[in-house]
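See below for coords-v9.cif, which holds mmCIF, C-alpha atoms and all ligand atoms.
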```cif
data_query
#
loop_
_atom_site.label_atom_id
_atom_site.label_comp_id
_atom_site.auth_asym_id
_atom_site.auth_seq_id
_atom_site.Cartn_x
_atom_site.Cartn_y
_atom_site.Cartn_z
CA MET A 1 -37.72 48.73 -4.68
CA ASP A 2 -36.16 50.39 -1.67
CA THR A 3 -38.88 51.42 0.76
CA ALA A 4 -37.29 54.86 1.06
CA SER A 5 -38.56 55.94 -2.34
CA THR A 6 -38.38 59.70 -2.57
CA GLY A 7 -41.38 61.93 -3.01
CA ALA A 8 -39.36 65.09 -3.40
CA TYR A 9 -40.44 68.14 -5.27
CA ASP A 10 -39.77 67.87 -8.96
CA GLY A 11 -41.57 69.86 -11.58
CA VAL A 12 -41.04 67.23 -14.29
CA ARG A 13 -40.85 63.75 -12.79
CA THR A 14 -44.09 61.88 -12.20
CA ALA A 15 -43.31 58.42 -10.77
CA PRO A 16 -41.39 58.35 -7.46
CA ARG A 17 -37.98 56.78 -7.73
CA ALA A 18 -36.14 54.73 -5.13
CA LEU A 19 -33.39 56.32 -3.06
CA ALA A 20 -30.68 54.25 -4.78
CA THR A 21 -31.92 55.46 -8.18
CA GLU A 22 -32.10 59.09 -7.09
CA ALA A 23 -28.57 58.84 -5.66
CA VAL A 24 -27.25 57.97 -9.11
CA HIS A 25 -29.54 60.08 -11.34
CA ALA A 26 -30.75 63.16 -9.43
CA GLY A 27 -29.12 66.39 -10.57
CA ARG A 28 -28.19 64.74 -13.89
CA ASP A 29 -31.59 64.56 -15.59
CA ASP A 30 -30.59 66.92 -18.42
CA LEU A 31 -27.23 65.32 -19.26
CA ALA A 32 -28.32 62.83 -21.93
CA ARG A 33 -30.23 65.57 -23.77
CA GLN A 34 -27.02 67.59 -23.82
CA GLY A 35 -25.03 64.65 -25.16
CA LEU A 36 -23.10 64.33 -21.89
CA HIS A 37 -22.53 61.54 -19.45
CA ALA A 38 -20.40 63.04 -16.65
CA PRO A 39 -21.66 66.41 -15.33
CA PRO A 40 -19.66 69.41 -16.58
CA ILE A 41 -17.73 71.53 -14.07
CA ASP A 42 -18.45 75.22 -14.60
CA LEU A 43 -15.59 77.20 -13.05
CA SER A 44 -16.73 80.64 -14.29
CA THR A 45 -16.77 83.39 -11.72
CA THR A 46 -18.77 85.69 -14.00
CA TYR A 47 -21.00 85.37 -17.07
CA PRO A 48 -21.51 87.60 -20.13
CA SER A 49 -24.81 89.43 -20.45
CA TYR A 50 -25.72 92.09 -23.07
CA ASP A 51 -29.03 92.96 -21.40
CA SER A 52 -28.36 94.98 -18.23
CA ARG A 53 -32.05 95.88 -17.87
CA ALA A 54 -32.93 92.22 -17.58
CA GLU A 55 -30.12 91.71 -15.03
CA ALA A 56 -31.50 94.57 -12.91
CA ALA A 57 -34.92 92.91 -12.86
CA ARG A 58 -33.45 89.53 -11.93
CA ILE A 59 -31.33 91.00 -9.14
CA ASP A 60 -34.36 92.88 -7.79
CA ALA A 61 -36.30 89.61 -7.76
CA PHE A 62 -33.48 87.85 -5.91
CA ALA A 63 -33.36 90.64 -3.33
CA THR A 64 -37.11 90.19 -2.75
CA ASP A 65 -37.41 86.47 -2.16
CA GLY A 66 -34.02 84.84 -2.84
CA ALA A 67 -35.55 82.55 -5.45
CA ASP A 68 -33.04 80.74 -7.65
CA LEU A 69 -32.16 83.09 -10.52
CA ALA A 70 -34.09 82.14 -13.61
CA GLY A 71 -31.99 82.12 -16.78
CA PRO A 72 -28.22 82.11 -17.15
CA PRO A 73 -25.95 82.58 -14.12
CA VAL A 74 -24.72 86.10 -13.29
CA TYR A 75 -21.87 85.83 -10.79
CA ALA A 76 -20.47 82.84 -8.90
CA ARG A 77 -21.51 84.14 -5.46
CA LEU A 78 -25.13 84.22 -6.65
CA GLY A 79 -25.19 80.66 -7.91
CA ASN A 80 -23.29 78.05 -9.90
CA PRO A 81 -24.71 75.34 -12.18
CA THR A 82 -22.45 72.55 -10.93
CA VAL A 83 -23.26 73.32 -7.30
CA ALA A 84 -26.95 73.51 -8.24
CA ARG A 85 -26.79 69.91 -9.45
CA PHE A 86 -25.60 68.78 -6.03
CA GLU A 87 -28.31 70.86 -4.33
CA THR A 88 -31.01 69.30 -6.50
CA ALA A 89 -29.74 65.80 -5.83
CA LEU A 90 -29.48 66.24 -2.06
CA ALA A 91 -32.99 67.73 -1.88
CA ARG A 92 -34.33 64.69 -3.72
CA LEU A 93 -32.59 62.35 -1.28
CA GLU A 94 -33.83 64.26 1.78
CA GLY A 95 -37.34 64.69 0.37
CA THR A 96 -37.36 68.49 0.55
CA GLU A 97 -38.30 71.13 -2.02
CA THR A 98 -34.75 72.36 -2.37
CA ALA A 99 -31.32 72.65 -0.75
CA VAL A 100 -28.70 75.37 -0.36
CA ALA A 101 -24.99 74.46 -0.33
CA PHE A 102 -22.25 76.25 1.60
CA ALA A 103 -18.47 76.23 1.93
CA SER A 104 -18.65 74.08 5.09
CA GLY A 105 -21.11 72.69 7.62
CA MET A 106 -20.33 75.60 9.92
CA ALA A 107 -21.01 78.11 7.14
CA ALA A 108 -24.38 76.40 6.65
CA LEU A 109 -25.27 76.62 10.34
CA SER A 110 -24.10 80.24 10.47
CA ALA A 111 -26.41 81.09 7.57
CA VAL A 112 -29.37 79.50 9.39
CA LEU A 113 -28.63 81.59 12.49
CA LEU A 114 -28.24 84.75 10.41
CA ALA A 115 -31.43 84.04 8.48
CA GLY A 116 -33.53 84.97 11.50
CA PRO A 117 -36.86 83.53 12.58
CA ARG A 118 -38.94 82.16 9.72
CA ALA A 119 -42.30 80.92 10.94
CA ARG A 120 -43.89 79.52 7.79
CA GLY A 121 -45.49 82.36 5.88
CA GLY A 122 -44.43 84.76 8.66
CA THR A 123 -42.72 88.09 8.27
CA PRO A 124 -38.95 87.71 8.39
CA VAL A 125 -37.10 89.78 10.96
CA ALA A 126 -34.24 91.87 9.58
CA THR A 127 -31.74 90.77 12.22
CA GLY A 128 -30.44 87.27 12.95
CA LEU A 129 -31.94 84.75 15.25
CA ARG A 130 -32.57 86.05 18.76
CA HIS A 131 -33.22 82.83 20.68
CA ALA A 132 -32.65 79.16 19.94
CA VAL A 133 -33.37 76.00 21.90
CA ALA A 134 -30.89 73.16 21.49
CA VAL A 135 -30.24 69.67 22.81
CA ARG A 136 -26.74 68.50 23.77
CA PRO A 137 -24.60 66.96 22.60
CA LEU A 138 -24.05 68.74 19.33
CA TYR A 139 -20.83 68.76 17.31
CA GLY A 140 -18.35 70.82 19.36
CA CYS A 141 -18.17 73.84 17.06
CA SER A 142 -21.97 73.97 16.66
CA ASP A 143 -22.24 73.98 20.46
CA HIS A 144 -19.60 76.72 20.62
CA LEU A 145 -21.23 78.88 17.94
CA LEU A 146 -24.47 78.86 19.94
CA THR A 147 -22.99 79.05 23.44
CA ALA A 148 -20.56 81.88 22.66
CA GLY A 149 -23.37 83.83 20.98
CA LEU A 150 -20.97 84.72 18.17
CA LEU A 151 -23.86 85.58 15.86
CA GLY A 152 -25.97 87.21 18.56
CA THR A 153 -28.15 84.19 19.28
CA GLU A 154 -28.98 83.32 22.87
CA VAL A 155 -29.38 79.58 23.48
CA THR A 156 -31.34 77.56 25.99
CA TRP A 157 -29.98 74.03 26.39
CA THR A 158 -32.46 71.37 27.34
CA ASP A 159 -33.23 67.70 26.88
CA PRO A 160 -35.80 66.54 24.31
CA ASP A 161 -38.58 66.46 26.92
CA GLY A 162 -37.86 70.06 27.91
CA ILE A 163 -38.17 71.60 24.44
CA ALA A 164 -41.82 72.72 24.66
CA GLY A 165 -41.14 74.37 28.02
CA ALA A 166 -38.01 76.15 26.78
CA LEU A 167 -39.73 77.89 23.85
CA ARG A 168 -40.15 81.67 24.16
CA PRO A 169 -42.06 84.12 21.99
CA ASP A 170 -38.75 85.10 20.35
CA THR A 171 -37.51 81.52 19.79
CA GLY A 172 -36.68 81.12 16.12
CA LEU A 173 -35.07 77.71 15.98
CA VAL A 174 -34.84 74.36 17.73
CA MET A 175 -31.72 72.34 16.95
CA VAL A 176 -30.92 68.67 17.52
CA GLU A 177 -28.47 66.11 16.18
CA SER A 178 -29.58 62.51 15.95
CA PRO A 179 -27.57 60.34 16.23
CA ALA A 180 -25.54 62.98 18.01
CA ASN A 181 -21.85 63.66 17.72
CA PRO A 182 -20.06 62.02 19.51
CA THR A 183 -22.24 59.97 21.90
CA LEU A 184 -24.63 58.71 19.18
CA ALA A 185 -27.57 59.64 21.41
CA GLU A 186 -30.82 59.50 19.45
CA VAL A 187 -33.93 61.61 19.80
CA ASP A 188 -37.48 60.86 18.69
CA LEU A 189 -37.64 63.35 15.83
CA ARG A 190 -41.42 63.15 15.42
CA ALA A 191 -41.97 63.92 19.12
CA VAL A 192 -39.45 66.77 18.99
CA ALA A 193 -41.08 68.25 15.88
CA ASP A 194 -44.46 68.15 17.64
CA ALA A 195 -42.96 69.91 20.66
CA CYS A 196 -41.62 72.69 18.42
CA GLY A 197 -45.06 73.76 17.19
CA PRO A 198 -44.55 76.52 14.62
CA VAL A 199 -40.87 77.04 15.50
CA PRO A 200 -38.59 75.60 12.79
CA LEU A 201 -36.79 72.41 13.81
CA LEU A 202 -33.27 71.95 12.45
CA VAL A 203 -31.97 68.38 12.48
CA ASP A 204 -28.28 67.82 11.83
CA ASN A 205 -28.48 64.60 9.81
CA THR A 206 -24.75 64.29 9.17
CA PHE A 207 -24.37 60.97 11.02
CA ALA A 208 -27.48 59.20 9.69
CA THR A 209 -27.54 60.52 6.11
CA PRO A 210 -30.80 60.29 4.13
CA VAL A 211 -30.03 56.62 3.60
CA LEU A 212 -30.95 55.83 7.22
CA GLN A 213 -33.18 58.75 8.20
CA ARG A 214 -35.09 61.54 6.46
CA PRO A 215 -35.94 64.11 9.13
CA ALA A 216 -38.17 66.23 6.86
CA GLU A 217 -40.62 63.30 6.77
CA GLN A 218 -40.77 63.49 10.56
CA GLY A 219 -41.48 67.20 10.76
CA ALA A 220 -38.07 68.88 10.55
CA ARG A 221 -38.13 72.07 8.51
CA LEU A 222 -34.36 72.24 8.07
CA VAL A 223 -31.99 69.31 7.54
CA LEU A 224 -28.33 70.21 7.87
CA HIS A 225 -25.29 68.23 6.77
CA SER A 226 -21.63 68.63 7.15
CA ALA A 227 -21.30 67.37 3.57
CA THR A 228 -17.61 67.01 4.37
CA LYS A 229 -18.55 63.66 5.88
CA TYR A 230 -20.67 60.91 4.27
CA LEU A 231 -22.06 62.95 1.36
CA GLY A 232 -18.58 63.58 -0.03
CA GLY A 233 -17.44 60.30 1.46
CA HIS A 234 -13.76 60.35 0.53
CA GLY A 235 -12.24 62.90 2.89
CA ASP A 236 -11.40 65.37 0.14
CA VAL A 237 -14.22 67.95 0.17
CA LEU A 238 -15.18 70.52 2.81
CA ALA A 239 -18.85 71.48 2.42
CA GLY A 240 -22.18 72.07 4.10
CA VAL A 241 -25.78 71.99 2.94
CA VAL A 242 -29.25 72.78 4.25
CA ALA A 243 -32.20 70.89 2.75
CA CYS A 244 -35.45 72.79 3.30
CA ASP A 245 -38.54 74.41 1.77
CA GLU A 246 -38.27 77.04 -0.94
CA GLU A 247 -39.31 79.88 1.39
CA PHE A 248 -36.51 79.27 3.89
CA ALA A 249 -34.05 78.55 1.09
CA GLY A 250 -34.66 82.01 -0.38
CA ARG A 251 -33.42 83.65 2.81
CA LEU A 252 -30.45 81.26 3.01
CA ARG A 253 -29.44 82.13 -0.57
CA GLN A 254 -29.63 85.84 0.28
CA ILE A 255 -27.43 85.30 3.34
CA ARG A 256 -25.00 83.21 1.28
CA PHE A 257 -24.80 85.95 -1.33
CA ALA A 258 -24.27 88.64 1.30
CA THR A 259 -21.72 86.78 3.41
CA GLY A 260 -19.94 84.80 0.70
CA GLY A 261 -19.75 81.29 2.20
CA VAL A 262 -20.28 79.65 -1.21
CA LEU A 263 -19.27 76.15 -2.23
CA HIS A 264 -16.60 75.83 -4.91
CA PRO A 265 -17.86 74.18 -8.15
CA LEU A 266 -15.20 71.49 -7.99
CA ALA A 267 -16.48 70.59 -4.52
CA GLY A 268 -20.02 70.55 -5.95
CA TYR A 269 -18.87 68.08 -8.61
CA LEU A 270 -17.17 65.81 -6.06
CA LEU A 271 -20.24 65.88 -3.82
CA LEU A 272 -22.54 64.93 -6.67
CA ARG A 273 -20.22 62.04 -7.47
CA GLY A 274 -20.12 61.11 -3.78
CA LEU A 275 -23.92 60.96 -3.58
CA SER A 276 -24.08 58.33 -6.29
CA THR A 277 -22.36 55.77 -4.03
CA LEU A 278 -23.84 57.04 -0.75
CA PRO A 279 -26.39 54.23 -0.22
CA VAL A 280 -23.84 51.52 -0.97
CA ARG A 281 -21.14 53.10 1.19
CA VAL A 282 -23.44 53.72 4.15
CA ARG A 283 -24.84 50.20 4.13
CA ALA A 284 -21.45 48.50 3.81
CA ALA A 285 -19.79 50.68 6.46
CA SER A 286 -22.79 50.20 8.76
CA ALA A 287 -22.46 46.42 8.54
CA ASN A 288 -18.80 46.74 9.55
CA ALA A 289 -19.70 49.13 12.38
CA ALA A 290 -22.42 46.86 13.77
CA GLU A 291 -19.96 43.96 13.85
CA LEU A 292 -17.23 46.04 15.53
CA ALA A 293 -19.77 47.31 18.08
CA ARG A 294 -20.67 43.69 18.85
CA ARG A 295 -17.02 42.66 19.31
CA LEU A 296 -16.21 45.72 21.40
CA ALA A 297 -19.23 45.10 23.66
CA ALA A 298 -17.96 41.57 24.34
CA ASP A 299 -14.43 42.76 25.15
CA PRO A 300 -13.45 43.16 28.82
CA ARG A 301 -11.08 46.04 27.96
CA VAL A 302 -14.11 48.08 26.88
CA ALA A 303 -16.31 49.66 29.54
CA ARG A 304 -19.22 50.75 27.39
CA VAL A 305 -20.27 50.73 23.74
CA ARG A 306 -22.73 53.07 22.08
CA TYR A 307 -24.21 52.11 18.76
CA PRO A 308 -27.42 53.73 17.46
CA ARG A 309 -30.69 51.81 17.25
CA LEU A 310 -30.94 53.35 13.79
CA GLY A 311 -27.68 51.70 12.72
CA GLY A 312 -24.96 53.65 10.93
CA ALA A 313 -21.22 53.60 10.57
CA MET A 314 -20.27 55.39 13.80
CA VAL A 315 -19.37 53.61 17.03
CA ALA A 316 -18.51 55.28 20.34
CA PHE A 317 -16.91 53.40 23.20
CA GLU A 318 -15.31 53.96 26.55
CA VAL A 319 -12.16 52.10 27.53
CA HIS A 320 -10.87 51.11 30.96
CA ASP A 321 -7.33 51.90 29.84
CA ASP A 322 -6.02 55.37 28.88
CA PRO A 323 -7.84 56.36 25.63
CA HIS A 324 -4.77 58.35 24.48
CA GLU A 325 -2.78 55.10 24.47
CA VAL A 326 -5.38 53.45 22.25
CA ILE A 327 -5.16 56.35 19.80
CA SER A 328 -1.36 56.12 19.76
CA ARG A 329 -1.40 52.37 18.96
CA VAL A 330 -3.66 52.19 15.86
CA ARG A 331 -1.87 51.46 12.58
CA LEU A 332 -4.47 50.60 9.91
CA ILE A 333 -7.07 52.94 11.40
CA THR A 334 -6.14 56.61 11.05
CA PRO A 335 -6.08 58.65 14.25
CA ALA A 336 -7.84 61.76 12.95
CA VAL A 337 -10.84 63.96 13.51
CA SER A 338 -13.69 64.02 10.95
CA LEU A 339 -15.71 61.03 9.80
CA GLY A 340 -17.69 59.50 6.98
CA SER A 341 -14.82 58.61 4.68
CA VAL A 342 -14.14 55.26 2.99
CA ASP A 343 -11.38 54.60 5.53
CA THR A 344 -11.73 54.16 9.28
CA LEU A 345 -10.85 57.04 11.61
CA ILE A 346 -10.65 57.20 15.40
CA GLN A 347 -10.47 60.24 17.65
CA HIS A 348 -10.80 61.32 21.27
CA PRO A 349 -13.70 63.83 21.37
CA ALA A 350 -12.73 65.36 24.73
CA SER A 351 -9.34 66.30 23.19
CA ILE A 352 -10.37 67.31 19.68
CA SER A 353 -13.88 67.52 18.22
CA HIS A 354 -15.48 68.66 21.50
CA ARG A 355 -12.47 70.32 23.15
CA ILE A 356 -13.97 73.77 22.64
CA VAL A 357 -17.02 72.89 24.76
CA ASP A 358 -16.75 73.76 28.46
CA ALA A 359 -15.55 70.60 30.28
CA ASP A 360 -18.55 70.42 32.63
CA ASP A 361 -21.03 70.92 29.79
CA ARG A 362 -19.18 68.32 27.76
CA ARG A 363 -19.19 65.71 30.52
CA GLY A 364 -22.79 66.56 31.38
CA ALA A 365 -23.73 65.66 27.81
CA GLY A 366 -22.11 62.23 28.15
CA VAL A 367 -18.83 63.08 26.43
CA THR A 368 -16.63 61.45 29.05
CA ASP A 369 -12.84 61.65 29.12
CA ARG A 370 -12.61 57.92 28.28
CA LEU A 371 -14.84 58.10 25.22
CA LEU A 372 -13.42 57.27 21.80
CA ARG A 373 -15.29 57.87 18.53
CA LEU A 374 -14.80 55.49 15.64
CA SER A 375 -15.90 56.32 12.10
CA VAL A 376 -15.99 52.93 10.42
CA GLY A 377 -15.02 52.65 6.77
CA LEU A 378 -15.08 50.02 4.08
CA GLU A 379 -12.03 47.94 4.99
CA ASP A 380 -12.34 44.24 5.79
CA VAL A 381 -13.90 43.96 9.25
CA ASP A 382 -11.37 41.37 10.47
CA ASP A 383 -8.47 43.66 9.54
CA LEU A 384 -10.16 46.50 11.42
CA TRP A 385 -10.73 44.30 14.46
CA ALA A 386 -7.11 43.11 14.41
CA ASP A 387 -5.97 46.76 14.54
CA LEU A 388 -8.44 47.67 17.29
CA ASP A 389 -7.57 44.56 19.26
CA ARG A 390 -3.88 45.49 19.22
CA ALA A 391 -4.65 49.14 20.02
CA LEU A 392 -6.79 48.20 23.02
CA GLY A 393 -3.66 46.77 24.62
CA ALA A 394 -3.02 43.89 26.95
CA PRO A 395 -5.89 41.61 27.95
CA ARG A 396 -7.91 42.98 30.84
CA GLU A 397 -6.68 40.38 33.35
CA ARG A 398 -3.06 41.45 32.80
CA GLN A 399 -4.01 45.12 32.93
CA ARG A 400 -5.66 44.56 36.31
CA ALA A 401 -2.61 42.79 37.67
CA GLU A 402 -0.26 45.51 36.43
CA ALA A 403 -2.29 48.54 37.46
CA PRO A 404 -5.50 47.94 39.38
CA ARG A 405 -8.16 50.37 38.28
CA GLU A 406 -11.56 51.23 39.50
CA ALA A 407 -14.06 48.93 37.82
CA VAL A 408 -16.22 50.73 35.29
CA ARG A 409 -19.75 49.53 34.74
CA ARG A 410 -20.15 47.67 31.50
CA THR A 411 -23.31 48.17 29.51
CA GLU A 412 -24.87 46.53 26.54
CA ALA A 413 -24.13 47.89 23.10
CA GLY A 414 -27.02 50.15 22.24
CA ALA A 415 -28.16 53.71 22.18
CA ALA A 416 -27.61 55.61 25.39
CA ARG A 417 -28.12 59.23 26.13
N1 LIG B 1 -22.26 68.87 12.15
C1 LIG B 1 -21.67 67.74 12.53
C2 LIG B 1 -22.49 66.63 13.12
C3 LIG B 1 -20.28 67.59 12.39
O1 LIG B 1 -19.70 66.45 12.79
C4 LIG B 1 -19.53 68.67 11.85
C5 LIG B 1 -18.06 68.56 11.69
O2 LIG B 1 -17.46 67.65 12.22
C6 LIG B 1 -20.19 69.83 11.48
C7 LIG B 1 -21.56 69.91 11.62
C8 LIG B 1 -19.44 71.00 10.89
O3 LIG B 1 -19.12 70.70 9.58
P1 LIG B 1 -17.82 71.27 8.79
O4 LIG B 1 -16.62 70.71 9.47
O5 LIG B 1 -18.05 70.78 7.41
O6 LIG B 1 -17.87 72.76 8.90
#
```

Encoding of this model in C-alpha cells:
Amino acid sequence: MDTASTGAYDGVRTAPRALATEAVHAGRDDLARQGLHAPPIDLSTTYPSYDSRAEAARIDAFATDGADLAGPPVYARLGNPTVARFETALARLEGTETAVAFASGMAALSAVLLAGPRARGGTPVATGLRHAVAVRPLYGCSDHLLTAGLLGTEVTWTDPDGIAGALRPDTGLVMVESPANPTLAEVDLRAVADACGPVPLLVDNTFATPVLQRPAEQGARLVLHSATKYLGGHGDVLAGVVACDEEFAGRLRQIRFATGGVLHPLAGYLLLRGLSTLPVRVRAASANAAELARRLAADPRVARVRYPRLGGAMVAFEVHDDPHEVISRVRLITPAVSLGSVDTLIQHPASISHRIVDADDRRGAGVTDRLLRLSVGLEDVDDLWADLDRALGAPRERQRAEAPREAVRRTEAGAAR
C-alpha cells in the first residue's frame, strides 16, 4: 500500500485508503448505488423548489457559516453537485476536511485574500485581509496581486527565516509556494508552519501535487492549487481550488457566492477525471524530468539546473546561449506558458509567467533572464532529449569560438534558492 494513505475527513469511511485508491474512487462513492459508473454532469443553473420557507432557512444558514447547503441544490452560484464531487476528491487527496473550487487559481487566491483573517475559532473581520507575509518567488500573478494591493492587502516579502519577525498583529496570512514557480526553490513547510503560530499558512501546492507533498500534514491551514495544471492534467480546464478546514471553507464559499468566481460543472467533471490518473501521471512525468535534469546538468551548454529534492515534473535551467533562441528552436516540445499537462512545455519566465513582477524583484528572487522553465510530460524521454539537444544549439566549444561569452558558473542539479 502506498505510504501516503489518506486520513481525510469522511463521515462514512472507516479504513484509510491509499492515495492511488482515493484518486480513482473519491467523490464517486455513491455512484454504484445510483446504478452509475461515470459521474453525471449536472448543468442546471437553477433547481425547482416548492417550499420557499425551507429555502429561506437554508439561505439564512449559509449566510451564517457558509456550510455546504444540506438538501437539493438551489442555484449554481451557491453550489453544484458535479463540482462538489471534485471538491470531495481533492480534499481526500490533500488530507483536509473539505475543499472549495473556483473558476481559476487566481480566483481561488482572490477569495482567500477577501476572506479576511481567520485565526482558528476567532471572530472574522468584515473586510478583506489587511496584511500578509509572503516568500518569493511566487507565480507572477500571485506576486502581482499581493504587491499591487489590488484587494487592499499590504504584503511584507521575506525569506523563510524572516517569517516570524515579519508577523504583525494584523497579519492574516502567510503564503509560500514549494517548489516555487519558476525557480523550484523549496521551503521547509513544517518550520514555516511553526513560525506562523496562529496565523494561517497558505501553501501553493500546484507544482508538487498531493502525490508528492501534503502540506496540511505539515501544518498548512490552506492548500491552494491552480487546478489548471496537474489536477486537470490535459491542458483543457482552467480552475482553482483551496483545500482547508470546514471553518475557513465556509467563508470561502460565502465569498465565492458573493463574487461569482465559480467553477463550471463541465470543468468539475474533467478535474475529477483528471484526478483519477494524477498519481500515475505525476510519477511517470517525474521520472522523465529527473532524467532530463541529469542530462542537462551534464551538458556544457547549460549553466545551471534546478530540480527539486522532492522530485516532480518541473525542471528549471539557465543556458549560456540566448534563451529566446532555445525557445524558438523546439519542435516536439511546445513553447507555451502553463504546465502540468501530458505534453512537455517550455517557457521563459522573465518574458511571460513572471513578466508582471518588477524586474529587480524578479531577479532578486532568482528568476534570472537566462532561466527557462520546462514542464515535462509523458513523451518518451529520448525523444524529449533529442528535441532539447537540438534546441540548445551548437556544442559549447563551437559557441565559444563563434562568440566568446562570459563563463557562467555551473552548479550541480539540485534545489537552489
Ligand atoms: N499558482 C501557481 C503556482 C501557478 O503556476 C498559477 C498559474 O500558472 C497560478 C497559481 C494561477 O492559476 P490560474 O492560472 O489557474 O489562475

Can you list every residue of chain A that has an atom at most 8 Å from ligand LIG 1 (chain B), with its nearest atom pair and the distance in Å to one decimal, using all atoms listed in the file, ordered by chain then number, as JSON lines?
```
{"residue": "A:Ala103", "atom": "CA", "partner": "B:LIG1", "partner_atom": "O5", "distance": 7.7}
{"residue": "A:Ser104", "atom": "CA", "partner": "B:LIG1", "partner_atom": "O5", "distance": 4.1}
{"residue": "A:Gly105", "atom": "CA", "partner": "B:LIG1", "partner_atom": "O3", "distance": 3.4}
{"residue": "A:Met106", "atom": "CA", "partner": "B:LIG1", "partner_atom": "O6", "distance": 3.9}
{"residue": "A:Ala107", "atom": "CA", "partner": "B:LIG1", "partner_atom": "O6", "distance": 6.4}
{"residue": "A:Ala108", "atom": "CA", "partner": "B:LIG1", "partner_atom": "O6", "distance": 7.8}
{"residue": "A:Leu109", "atom": "CA", "partner": "B:LIG1", "partner_atom": "C7", "distance": 7.8}
{"residue": "A:Leu138", "atom": "CA", "partner": "B:LIG1", "partner_atom": "C2", "distance": 6.7}
{"residue": "A:Tyr139", "atom": "CA", "partner": "B:LIG1", "partner_atom": "C1", "distance": 5.0}
{"residue": "A:Gly140", "atom": "CA", "partner": "B:LIG1", "partner_atom": "O2", "distance": 7.9}
{"residue": "A:Cys141", "atom": "CA", "partner": "B:LIG1", "partner_atom": "C8", "distance": 6.9}
{"residue": "A:Ser142", "atom": "CA", "partner": "B:LIG1", "partner_atom": "C7", "distance": 6.5}
{"residue": "A:Glu177", "atom": "CA", "partner": "B:LIG1", "partner_atom": "C2", "distance": 6.7}
{"residue": "A:Ala180", "atom": "CA", "partner": "B:LIG1", "partner_atom": "C2", "distance": 6.8}
{"residue": "A:Asn181", "atom": "CA", "partner": "B:LIG1", "partner_atom": "C2", "distance": 5.5}
{"residue": "A:Asp204", "atom": "CA", "partner": "B:LIG1", "partner_atom": "C2", "distance": 6.1}
{"residue": "A:Asn205", "atom": "CA", "partner": "B:LIG1", "partner_atom": "C2", "distance": 7.1}
{"residue": "A:Thr206", "atom": "CA", "partner": "B:LIG1", "partner_atom": "C2", "distance": 5.1}
{"residue": "A:Phe207", "atom": "CA", "partner": "B:LIG1", "partner_atom": "C2", "distance": 6.3}
{"residue": "A:Leu224", "atom": "CA", "partner": "B:LIG1", "partner_atom": "N1", "distance": 7.5}
{"residue": "A:His225", "atom": "CA", "partner": "B:LIG1", "partner_atom": "N1", "distance": 6.2}
{"residue": "A:Ser226", "atom": "CA", "partner": "B:LIG1", "partner_atom": "O3", "distance": 4.1}
{"residue": "A:Ala227", "atom": "CA", "partner": "B:LIG1", "partner_atom": "O5", "distance": 6.1}
{"residue": "A:Thr228", "atom": "CA", "partner": "B:LIG1", "partner_atom": "O5", "distance": 4.9}
{"residue": "A:Lys229", "atom": "CA", "partner": "B:LIG1", "partner_atom": "O5", "distance": 7.3}
{"residue": "A:Leu238", "atom": "CA", "partner": "B:LIG1", "partner_atom": "O5", "distance": 5.4}
{"residue": "A:Ala239", "atom": "CA", "partner": "B:LIG1", "partner_atom": "O5", "distance": 5.1}
{"residue": "A:Gly240", "atom": "CA", "partner": "B:LIG1", "partner_atom": "O5", "distance": 5.4}
{"residue": "A:Val337", "atom": "CA", "partner": "B:LIG1", "partner_atom": "O2", "distance": 7.7}
{"residue": "A:Ser338", "atom": "CA", "partner": "B:LIG1", "partner_atom": "O2", "distance": 5.4}
{"residue": "A:Leu339", "atom": "CA", "partner": "B:LIG1", "partner_atom": "O2", "distance": 7.3}
{"residue": "A:Ser353", "atom": "CA", "partner": "B:LIG1", "partner_atom": "O2", "distance": 7.0}
```

Nearest candidate to Ile333 of chain A (options A:Val319, A:Ala391, A:Leu43, A:Ala290; using only C-alpha atoms): A:Ala391

Using all atoms listed in the file: which of A:Ala185, A:Val100, A:Ala293, A:Ala285 has the shortest distance to Val223 of chain A: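 Comparing A:Ala185, A:Val100, A:Ala293, A:Ala285 against Val223 of chain A, the winner is A:Val100.
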
Between atom CA of Glu379 of chain A and atom CA of Val330 of chain A, distance in Å (one decimal): 14.4 Å

Pairwise distance for atom CA of Gly165 of chain A and atom CA of Leu150 of chain A, rounded to one decimal in Å: 24.7 Å

Polymer residues at most 12 Å from Glu186 of chain A, all atoms listed in the file, same-chain spacing of 6 or more positions, as a PyMOL selection string: chain A and resi 135-138+159-160+176-180+192+203-205+207-208+213+306-312+414-417

Residue with smallest distance to Leu275 of chain A - pool A:Pro198, A:Pro182, A:Pro16, A:Gly232, counting all atoms listed in the file: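 Of all the options, A:Gly232 lies closest to Leu275 of chain A.
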
Surrounding residues of Arg273 of chain A excluding itself and chain neighbours under 3 positions, 10 Å, all atoms listed in the file, as a list in words: Ala23, Val24, Ala38, Pro39, Phe86, Leu231, Gly232, Gly233, Ala267, Gly268, Tyr269, Leu270, Ser276, Thr277 and Leu278 of chain A

Nearest-residue call for Asp51 of chain A, choices A:Pro72, A:Ala365, A:Asp321, A:Glu94, using all atoms listed in the file: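 Of A:Pro72, A:Ala365, A:Asp321, A:Glu94, the one nearest Asp51 of chain A, counting all atoms listed in the file, is A:Pro72.
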
d(atom CA of Tyr230 of chain A, atom CA of Ala99 of chain A) in Å: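 About the pair atom CA of Tyr230 of chain A and atom CA of Ala99 of chain A: they are 16.6 Å apart.
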
Distance criterion (only C-alpha atoms): nearest to Thr21 of chain A out of A:Ala89, A:Leu378, A:Val74, A:Leu372: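 Once distances to Thr21 of chain A are computed over only C-alpha atoms, the minimum belongs to A:Ala89.
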
Nearest candidate to Asp42 of chain A (options A:Leu266, A:Ile255, A:Val199, A:Val237; using all atoms listed in the file): A:Leu266

For Ile163 of chain A: contacts at 12 Å, only C-alpha atoms, fewer than 4 positions along chain excluded, given as number ranges by chain: A: 132-136, 155-159, 167-168, 171, 173-176, 187, 189, 191-197, 199, 201

Shell of 10 Å around Arg362 of chain A, only C-alpha atoms, local chain residues under 4 positions omitted, as a list of chain:residue names: A:Arg136, A:Pro137, A:Leu138, A:Gly140, A:Asp143, A:Pro349, A:Ala350, A:His354, A:Arg355, A:Ile356, A:Val357, A:Asp358, A:Gly366, A:Val367, A:Thr368, A:Asp369
